[in-house]
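To start, the structure under review is shown below, and the notes come after it.
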Amino acid sequence: MRVDVIKYLGYTFSMLARVFSTGIEGIDAYLVEVEVDIARGLPSFTIVGLPEAAVKEARERVESAIKNSNFSFPSGRITVNLAPAGKRKQGTSLDLPIAIGILAASGQVNPERAKRYLITGELSLEGKLRPVRGVLSGAIMLRGMELAGFLLPGENRREAALVEEIDVYPVKTLRDAVEFLNGELELLPYKEDREEIFKDTGDYDVDFSEIKGQEHAKRALEIAAAGGHNVLMIGPPGAGKTMLARRLPTILPPMEFEEAIETTRIHSVAGILPPGIGLVTRRPFRAPHHTISYAGLIGGGHNPRPGEVSLAHNGVLFLDELPEFERHVLEVLRQPLEDGKVTISRASSSVTYPARFLFVGAMNPCPCGYFGDERHTCTCTPGQIERYLKKLSGPLLDRIDIHIEVPSLSYEEILSKGEGEPSCKIRERVVEARKRQLARYKSEEKIYCNAHLTPKLVKKYCRVSPEGEELLKLAGERFGLSARAYHRILKVARTIADLDGKGDIEPVHISEAIQYRTLDKRIWLRM
C-alpha cells in the first residue's frame, strides 16, 4: 500500500515531489513539470521524458551538487519525469529544478513551497548556479501563471526582471535556493530600472561624420533607414562599402521597448546575450562570413537554433562580397526578406523565428573589382562580368529596394580635413520620417514602415500623379522592370516624400527612386 512517508535505509522519503520549470520551443517557453519519485530498490537515477544529452548528463551534476552542498543524496531508486513527455528537453536549465525535486521528495525541502515557484538554472559540481538560455521567454510565460515567482541564477536576474508583473528571486547556489524555499533565507524580489537601461542606446563607437565623400551613398542609406528598405552597394575594393554599412545602425530610430524585448528573447535563446546584460537596447548588426552554411544563415540544426537572419531581427544583416556566398544559401533569404520570419520544419515539429531586418549587401562590379574604376584597369571580359552578376538571382534582387554604386574616392576627398554630417543629425530626419509612417499606418496591422507595405497597401498609400505614372511607364519599358521592382520604386519614392515632408509622391521623388535600381538598368554592361 502506498504511503506518503517511508523510512528506508536511514532516510525519510516523501514518495513524490513536483517542481515547475521551463523548456524552449523556438523563442517561446513552455511549462515543464518535473516529477520526482523515490522508491525502494537498488540505487539508480533515471530521467525520462525525451531528454537530450545535456539533460541526461544532469544526473552527474545534480548528484555531485547535492553532496557538495552538504545535503543527503537518497540511495533509493530515483525516477525523474519531465512532462510533457512528448516534447524534447534540451539544455542545462533543468539541473536546479531536478535537484530541488529530489530534495523535496527526500524531505529536505518544503514540497509545498517548491511547487509554488518557477525554477531554472544550471548547477556546477560544487553547487554553484550558472546562467542559462531563454530566461526572458520563461519570465513572459510566467506572467500568465498563478505562481509566486521565478527562482533563477543571479546572472539571469536582469533579463527576467524586465517583465514587471512577476517577482524574480536570484540565488547563487543550490544551498541558497533550498534555504529560501524552506523559509530560512529571506530574499527580496529583484527589480530592474528600465530608464537606466536605455540611457546609452544612442552611443556608438562609429559615426557617419567619419566617412569622407560618398554623398550619394549616404543619401541612399538615409532613405533605407527612413523606410526600412534593403540595400545593395556596388563598388570597387576600398570604396568604403563596409564602413557605410557598419554605420547604418547609428542612424536607425532608437529601439522601442517591445522591439528590445523581442530581440533579447532571440539572443537569449541563442545563448549570445553578453554577461550582465539584461536587455539588447541597440539594434543588432550581424555580418557573417561568406563561408557560412545554410543552417548558420537561416537557422536549423538537429535541435533548431536561430540563424543570422533571426539574430539580426530589428537590426541590420550585412553580407559583404555577396556573390561569394553559395547560391543556395542566398536563395533562402527570399522568405525572410518577404515575410519577416523563418519557419524551420523537422519530422517531429516546426519552429518559427522572427526575422524582420534591414538587409545590406555589398559586392564588386566584376570579378577583379575594378570595372569602371578610373585608377585601375579591369582585366575582366564582358562574359565574365555577366556570369559574375548572374550569381545573384532576379527574384533575390527584386527583393532589394535600393541598388547604388559606390565609386572609389579621389585623393582630394581622401585628404580633405572637413567632416561629414554626424549620425545624430541624420537620425533626426529618419525619426521624423518614421513618425509620419507610423501615423499613416496606425490602422494597419504589423505595418510600421514603407518597406513593409503589401502590393494592396502600395496601391492604397502610394498614389502618384499622371506625370509620375508616365515616368514609371517609361522606366519600366526601358529597363524591363518586374512588377515587384515597380512596387519597390513606389515604396522608395514614398519614403523620399516622407523625408521631404510631402504628403503626396511627386515626379521628383519617383525620379530619385528610379536612380536606386542600378542592377535593373545594367548600365556598366553597355559602357
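Following the order of the C-alpha cells, chains are lettered A, B, ..., residues in each are numbered from 1, and ligands are numbered from 1.
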
Quick one: residues within 9 Å of segment 504-515 of chain A, only C-alpha atoms, excluding same-chain residues fewer than 3 positions away - as a CSV table (one decimal) with N, CA and C atoms, in the first residue's frame?
chain,number,residue,atom,x,y,z
A,402,ILE,N,16.9,49.1,-53.0
A,402,ILE,CA,17.8,50.1,-53.4
A,402,ILE,C,19.1,49.5,-53.9
A,403,HIS,N,19.5,49.8,-55.1
A,403,HIS,CA,20.8,49.4,-55.7
A,403,HIS,C,21.6,50.7,-55.9
A,404,ILE,N,22.8,50.8,-55.3
A,404,ILE,CA,23.6,52.0,-55.5
A,404,ILE,C,25.0,51.7,-55.9
A,462,CYS,N,0.4,54.7,-52.0
A,462,CYS,CA,1.5,55.2,-52.8
A,462,CYS,C,0.9,55.7,-54.2
A,463,ARG,N,-0.1,56.5,-54.1
A,463,ARG,CA,-0.7,57.1,-55.3
A,463,ARG,C,0.2,58.2,-55.9
A,464,VAL,N,0.2,58.2,-57.2
A,464,VAL,CA,1.1,59.2,-57.9
A,464,VAL,C,0.3,59.9,-58.9
A,465,SER,N,0.8,61.1,-59.3
A,465,SER,CA,0.2,61.9,-60.3
A,465,SER,C,0.3,61.3,-61.7
A,467,GLU,N,1.8,62.5,-64.2
A,467,GLU,CA,3.2,62.7,-64.6
A,467,GLU,C,4.1,61.6,-64.1
A,468,GLY,N,3.8,61.3,-62.8
A,468,GLY,CA,4.6,60.2,-62.2
A,468,GLY,C,4.4,58.9,-62.8
A,469,GLU,N,3.1,58.6,-63.2
A,469,GLU,CA,2.8,57.4,-63.8
A,469,GLU,C,3.5,57.2,-65.2
A,471,LEU,N,6.3,58.6,-66.0
A,471,LEU,CA,7.7,58.4,-65.7
A,471,LEU,C,8.0,57.0,-65.4
A,472,LEU,N,7.1,56.4,-64.6
A,472,LEU,CA,7.3,54.9,-64.2
A,472,LEU,C,7.1,54.1,-65.4
A,475,ALA,N,10.3,54.2,-67.5
A,475,ALA,CA,11.4,53.4,-66.8
A,475,ALA,C,11.1,51.9,-67.0
A,488,ARG,N,8.7,48.3,-55.6
A,488,ARG,CA,9.8,48.7,-54.8
A,488,ARG,C,10.1,50.2,-55.1
A,489,ILE,N,10.0,50.6,-56.3
A,489,ILE,CA,10.2,52.0,-56.7
A,489,ILE,C,9.2,52.9,-56.0
A,490,LEU,N,8.0,52.5,-56.0
A,490,LEU,CA,6.9,53.3,-55.4
A,490,LEU,C,7.1,53.4,-53.9
A,491,LYS,N,7.5,52.3,-53.2
A,491,LYS,CA,7.8,52.4,-51.8
A,491,LYS,C,9.0,53.3,-51.5
A,492,VAL,N,10.0,53.2,-52.2
A,492,VAL,CA,11.2,54.1,-52.0
A,492,VAL,C,10.8,55.5,-52.3
A,493,ALA,N,10.0,55.8,-53.3
A,493,ALA,CA,9.5,57.2,-53.6
A,493,ALA,C,8.7,57.7,-52.4
A,494,ARG,N,7.9,56.8,-51.8
A,494,ARG,CA,7.0,57.2,-50.7
A,494,ARG,C,7.9,57.6,-49.5
A,495,THR,N,9.0,56.9,-49.3
A,495,THR,CA,10.0,57.3,-48.2
A,495,THR,C,10.7,58.6,-48.5
A,496,ILE,N,11.1,58.8,-49.8
A,496,ILE,CA,11.7,60.1,-50.2
A,496,ILE,C,10.7,61.2,-49.9
A,497,ALA,N,9.5,61.0,-50.2
A,497,ALA,CA,8.5,62.1,-50.0
A,497,ALA,C,8.3,62.3,-48.5
A,498,ASP,N,8.4,61.3,-47.7
A,498,ASP,CA,8.3,61.4,-46.2
A,498,ASP,C,9.5,62.2,-45.7
A,500,ASP,N,11.1,64.4,-47.3
A,500,ASP,CA,10.9,65.7,-47.8
A,500,ASP,C,9.7,66.5,-47.2
A,518,THR,N,20.1,50.3,-59.9
A,518,THR,CA,21.3,50.2,-60.8
A,518,THR,C,21.3,48.8,-61.5

Any idea what's packed within 6 Å of Thr173 of chain A, counting only C-alpha atoms, ignoring anything in its chain fewer than 3 positions away? Could you give it as number ranges by chain? A: 127-129, 176

Give the strand (DSSP E) residues of segment 293-513 of chain A, as assigned by DSSP on the backbone, as a PyMOL selection string. chain A and resi 299-300+305-306+316-319+341-345+350-354+358-363+402-405

Could you write out that same residue set with C-alpha atoms as a PDB file, in the first residue's frame?
ATOM      1  CA  GLY A 299      18.772  28.688 -38.692  1.00  0.00           C
ATOM      2  CA  GLY A 300      18.442  24.973 -38.148  1.00  0.00           C
ATOM      3  CA  ARG A 305      18.578  27.233 -33.398  1.00  0.00           C
ATOM      4  CA  PRO A 306      18.092  30.781 -34.700  1.00  0.00           C
ATOM      5  CA  VAL A 316      20.948  45.107 -39.846  1.00  0.00           C
ATOM      6  CA  LEU A 317      22.159  41.993 -41.677  1.00  0.00           C
ATOM      7  CA  PHE A 318      25.260  42.817 -43.742  1.00  0.00           C
ATOM      8  CA  LEU A 319      26.586  40.371 -46.322  1.00  0.00           C
ATOM      9  CA  LYS A 341      10.058  35.349 -40.399  1.00  0.00           C
ATOM     10  CA  VAL A 342      11.670  31.949 -40.847  1.00  0.00           C
ATOM     11  CA  THR A 343       9.989  28.578 -40.357  1.00  0.00           C
ATOM     12  CA  ILE A 344      12.236  25.559 -39.776  1.00  0.00           C
ATOM     13  CA  SER A 345      10.465  22.220 -40.125  1.00  0.00           C
ATOM     14  CA  SER A 350       8.453  23.031 -36.681  1.00  0.00           C
ATOM     15  CA  VAL A 351       9.559  26.322 -35.140  1.00  0.00           C
ATOM     16  CA  THR A 352       9.196  29.875 -36.383  1.00  0.00           C
ATOM     17  CA  TYR A 353      11.699  32.634 -35.636  1.00  0.00           C
ATOM     18  CA  PRO A 354      11.122  36.326 -36.354  1.00  0.00           C
ATOM     19  CA  LEU A 358      17.257  45.657 -42.837  1.00  0.00           C
ATOM     20  CA  PHE A 359      19.378  43.819 -45.380  1.00  0.00           C
ATOM     21  CA  VAL A 360      22.592  45.392 -46.715  1.00  0.00           C
ATOM     22  CA  GLY A 361      24.667  43.616 -49.353  1.00  0.00           C
ATOM     23  CA  ALA A 362      27.988  44.693 -50.851  1.00  0.00           C
ATOM     24  CA  MET A 363      29.693  43.456 -53.990  1.00  0.00           C
ATOM     25  CA  ILE A 402      17.819  50.137 -53.396  1.00  0.00           C
ATOM     26  CA  HIS A 403      20.811  49.387 -55.661  1.00  0.00           C
ATOM     27  CA  ILE A 404      23.584  52.000 -55.516  1.00  0.00           C
ATOM     28  CA  GLU A 405      27.061  52.445 -56.925  1.00  0.00           C
TER      29      GLU A 405
END

Which segment 148-212 of chain A residues have any atom within 12 Å of an atom of segment 268-273 of chain A, and for each, what is the nearest pair of atoms with distance in Å to one decimal, counting only C-alpha atoms, rows sorted by chain and number, as JSON lines?
{"residue": "A:Glu155", "atom": "CA", "partner": "A:Leu273", "partner_atom": "CA", "distance": 11.2}
{"residue": "A:Asn156", "atom": "CA", "partner": "A:Ser268", "partner_atom": "CA", "distance": 10.0}
{"residue": "A:Arg158", "atom": "CA", "partner": "A:Leu273", "partner_atom": "CA", "distance": 11.5}
{"residue": "A:Glu159", "atom": "CA", "partner": "A:Ser268", "partner_atom": "CA", "distance": 8.8}
{"residue": "A:Ala160", "atom": "CA", "partner": "A:Ser268", "partner_atom": "CA", "distance": 10.8}

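What separates atom CA of Arg346 of chain A from atom CA of Ile140 of chain A is a distance of 25.8 Å.
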
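Every protein, DNA or RNA residue with an atom at most 7 Å from Tyr388 of chain A, where only C-alpha atoms count and chain neighbours fewer than 4 positions away do not, is listed here: Cys366, Pro367 and Gln384 of chain A.
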
Output the selection as a PDB file, in the first residue's frame - all heavy atoms for each residue.
ATOM      1  N   CYS A 366      32.694  43.552 -60.743  1.00  0.00           N
ATOM      2  CA  CYS A 366      33.192  42.489 -61.613  1.00  0.00           C
ATOM      3  C   CYS A 366      34.109  41.589 -60.783  1.00  0.00           C
ATOM      4  O   CYS A 366      34.435  41.919 -59.636  1.00  0.00           O
ATOM      5  CB  CYS A 366      33.946  43.073 -62.802  1.00  0.00           C
ATOM      6  SG  CYS A 366      35.471  43.943 -62.329  1.00  0.00           S
ATOM      7  N   PRO A 367      34.555  40.453 -61.308  1.00  0.00           N
ATOM      8  CA  PRO A 367      35.405  39.551 -60.524  1.00  0.00           C
ATOM      9  C   PRO A 367      36.685  40.201 -60.001  1.00  0.00           C
ATOM     10  O   PRO A 367      37.087  39.954 -58.863  1.00  0.00           O
ATOM     11  CB  PRO A 367      35.719  38.415 -61.502  1.00  0.00           C
ATOM     12  CG  PRO A 367      34.545  38.393 -62.429  1.00  0.00           C
ATOM     13  CD  PRO A 367      34.131  39.817 -62.584  1.00  0.00           C
ATOM     14  N   GLN A 384      32.689  37.401 -68.414  1.00  0.00           N
ATOM     15  CA  GLN A 384      32.999  37.151 -67.010  1.00  0.00           C
ATOM     16  C   GLN A 384      32.168  38.054 -66.094  1.00  0.00           C
ATOM     17  O   GLN A 384      31.687  37.619 -65.049  1.00  0.00           O
ATOM     18  CB  GLN A 384      34.489  37.385 -66.758  1.00  0.00           C
ATOM     19  CG  GLN A 384      35.401  36.325 -67.341  1.00  0.00           C
ATOM     20  CD  GLN A 384      36.858  36.675 -67.174  1.00  0.00           C
ATOM     21  OE1 GLN A 384      37.267  37.836 -67.296  1.00  0.00           O
ATOM     22  NE2 GLN A 384      37.673  35.657 -66.899  1.00  0.00           N
TER      23      GLN A 384
END

Show which residues sit within 12 Å of Ser408 of chain A, as a VMD selection string. Count only C-alpha atoms, and ignore same-chain residues fewer than 3 positions away. chain A and resid 212 to 214 217 234 to 241 364 to 365 369 to 376 405 411 to 414

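Atom pair atom CA of Pro395 of chain A / atom CA of Glu331 of chain A has a distance of 8.6 Å (rounded to one decimal).
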
Which residues are near Asp193 of chain A? Cut-off 10 Å, only C-alpha atoms, ignore same chain within fewer than 3 positions. Put them as a short mmCIF file (atom, residue, chain, number, x, y, z; two decimals) with N, CA, C and O atoms, in the first residue's frame.
data_model
loop_
_atom_site.label_atom_id
_atom_site.label_comp_id
_atom_site.auth_asym_id
_atom_site.auth_seq_id
_atom_site.Cartn_x
_atom_site.Cartn_y
_atom_site.Cartn_z
N ARG A 158 18.68 40.25 -14.36
CA ARG A 158 18.31 41.45 -15.09
C ARG A 158 17.40 41.12 -16.28
O ARG A 158 16.47 41.87 -16.60
N ALA A 161 13.86 40.23 -14.85
CA ALA A 161 13.20 41.35 -14.18
C ALA A 161 12.62 42.37 -15.15
O ALA A 161 11.93 43.30 -14.72
N LEU A 162 12.88 42.22 -16.44
CA LEU A 162 12.28 43.12 -17.42
C LEU A 162 10.78 42.95 -17.48
O LEU A 162 10.06 43.87 -17.88
N GLU A 196 17.17 53.40 -16.83
CA GLU A 196 18.63 53.32 -16.72
C GLU A 196 19.20 52.47 -17.85
O GLU A 196 20.27 52.78 -18.39
N ILE A 197 18.48 51.42 -18.21
CA ILE A 197 18.95 50.52 -19.27
C ILE A 197 19.05 51.25 -20.60
O ILE A 197 19.98 51.05 -21.38
N PHE A 198 18.08 52.13 -20.89
CA PHE A 198 18.01 52.79 -22.19
C PHE A 198 18.82 54.08 -22.26
O PHE A 198 18.77 54.78 -23.27
#

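For the pair atom CA of Arg133 of chain A and atom CA of Val329 of chain A, the separation is 27.4 Å.
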
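Minimum distance to Tyr117 of chain A across A:Val80, A:Val168, A:Leu185, A:Cys424 (counting only C-alpha atoms) occurs at A:Val168.
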
Non-local contacts of Ile47 of chain A (8 Å; only C-alpha atoms; under 3 positions in same chain excluded) as an mmCIF file with all heavy atoms, in the first residue's frame:
data_model
loop_
_atom_site.group_PDB
_atom_site.id
_atom_site.type_symbol
_atom_site.label_atom_id
_atom_site.label_comp_id
_atom_site.auth_asym_id
_atom_site.auth_seq_id
_atom_site.Cartn_x
_atom_site.Cartn_y
_atom_site.Cartn_z
ATOM 1 N N PRO A 51 14.607 13.375 -22.845
ATOM 2 C CA PRO A 51 15.733 14.266 -22.531
ATOM 3 C C PRO A 51 16.839 14.152 -23.575
ATOM 4 O O PRO A 51 17.165 13.061 -24.028
ATOM 5 C CB PRO A 51 16.211 13.744 -21.176
ATOM 6 C CG PRO A 51 15.898 12.279 -21.215
ATOM 7 C CD PRO A 51 14.631 12.144 -22.017
ATOM 8 N N LYS A 56 20.333 14.453 -19.877
ATOM 9 C CA LYS A 56 20.720 13.168 -19.290
ATOM 10 C C LYS A 56 21.951 13.322 -18.391
ATOM 11 O O LYS A 56 22.058 12.677 -17.348
ATOM 12 C CB LYS A 56 21.001 12.143 -20.390
ATOM 13 C CG LYS A 56 19.773 11.733 -21.190
ATOM 14 C CD LYS A 56 20.155 10.757 -22.298
ATOM 15 C CE LYS A 56 18.944 10.342 -23.117
ATOM 16 N NZ LYS A 56 19.310 9.415 -24.223
ATOM 17 N N ARG A 59 22.258 14.095 -14.366
ATOM 18 C CA ARG A 59 22.352 13.132 -13.250
ATOM 19 C C ARG A 59 23.649 13.311 -12.486
ATOM 20 O O ARG A 59 23.658 13.358 -11.250
ATOM 21 C CB ARG A 59 22.241 11.700 -13.783
ATOM 22 C CG ARG A 59 20.879 11.370 -14.369
ATOM 23 C CD ARG A 59 20.851 9.998 -14.992
ATOM 24 N NE ARG A 59 21.813 9.887 -16.099
ATOM 25 C CZ ARG A 59 21.883 8.840 -16.919
ATOM 26 N NH1 ARG A 59 21.068 7.814 -16.739
ATOM 27 N NH2 ARG A 59 22.760 8.815 -17.885
ATOM 28 N N THR A 79 13.375 8.256 -9.950
ATOM 29 C CA THR A 79 12.854 8.433 -11.304
ATOM 30 C C THR A 79 12.395 9.873 -11.460
ATOM 31 O O THR A 79 11.601 10.374 -10.669
ATOM 32 C CB THR A 79 11.670 7.493 -11.581
ATOM 33 O OG1 THR A 79 12.073 6.138 -11.357
ATOM 34 C CG2 THR A 79 11.184 7.658 -13.017
ATOM 35 N N VAL A 80 12.931 10.532 -12.493
ATOM 36 C CA VAL A 80 12.557 11.921 -12.798
ATOM 37 C C VAL A 80 11.819 11.927 -14.129
ATOM 38 O O VAL A 80 12.344 11.483 -15.151
ATOM 39 C CB VAL A 80 13.793 12.837 -12.877
ATOM 40 C CG1 VAL A 80 13.379 14.261 -13.269
ATOM 41 C CG2 VAL A 80 14.544 12.851 -11.556
ATOM 42 N N ASN A 81 10.590 12.423 -14.114
ATOM 43 C CA ASN A 81 9.790 12.523 -15.338
ATOM 44 C C ASN A 81 9.637 13.989 -15.714
ATOM 45 O O ASN A 81 9.266 14.818 -14.886
ATOM 46 C CB ASN A 81 8.413 11.904 -15.137
ATOM 47 C CG ASN A 81 7.567 12.014 -16.400
ATOM 48 O OD1 ASN A 81 8.041 11.758 -17.505
ATOM 49 N ND2 ASN A 81 6.305 12.419 -16.244
ATOM 50 N N LEU A 82 9.932 14.295 -16.973
ATOM 51 C CA LEU A 82 9.830 15.659 -17.481
ATOM 52 C C LEU A 82 8.614 15.738 -18.394
ATOM 53 O O LEU A 82 8.632 15.220 -19.516
ATOM 54 C CB LEU A 82 11.100 16.044 -18.236
ATOM 55 C CG LEU A 82 12.415 15.844 -17.472
ATOM 56 C CD1 LEU A 82 13.603 16.146 -18.382
ATOM 57 C CD2 LEU A 82 12.452 16.722 -16.229
#
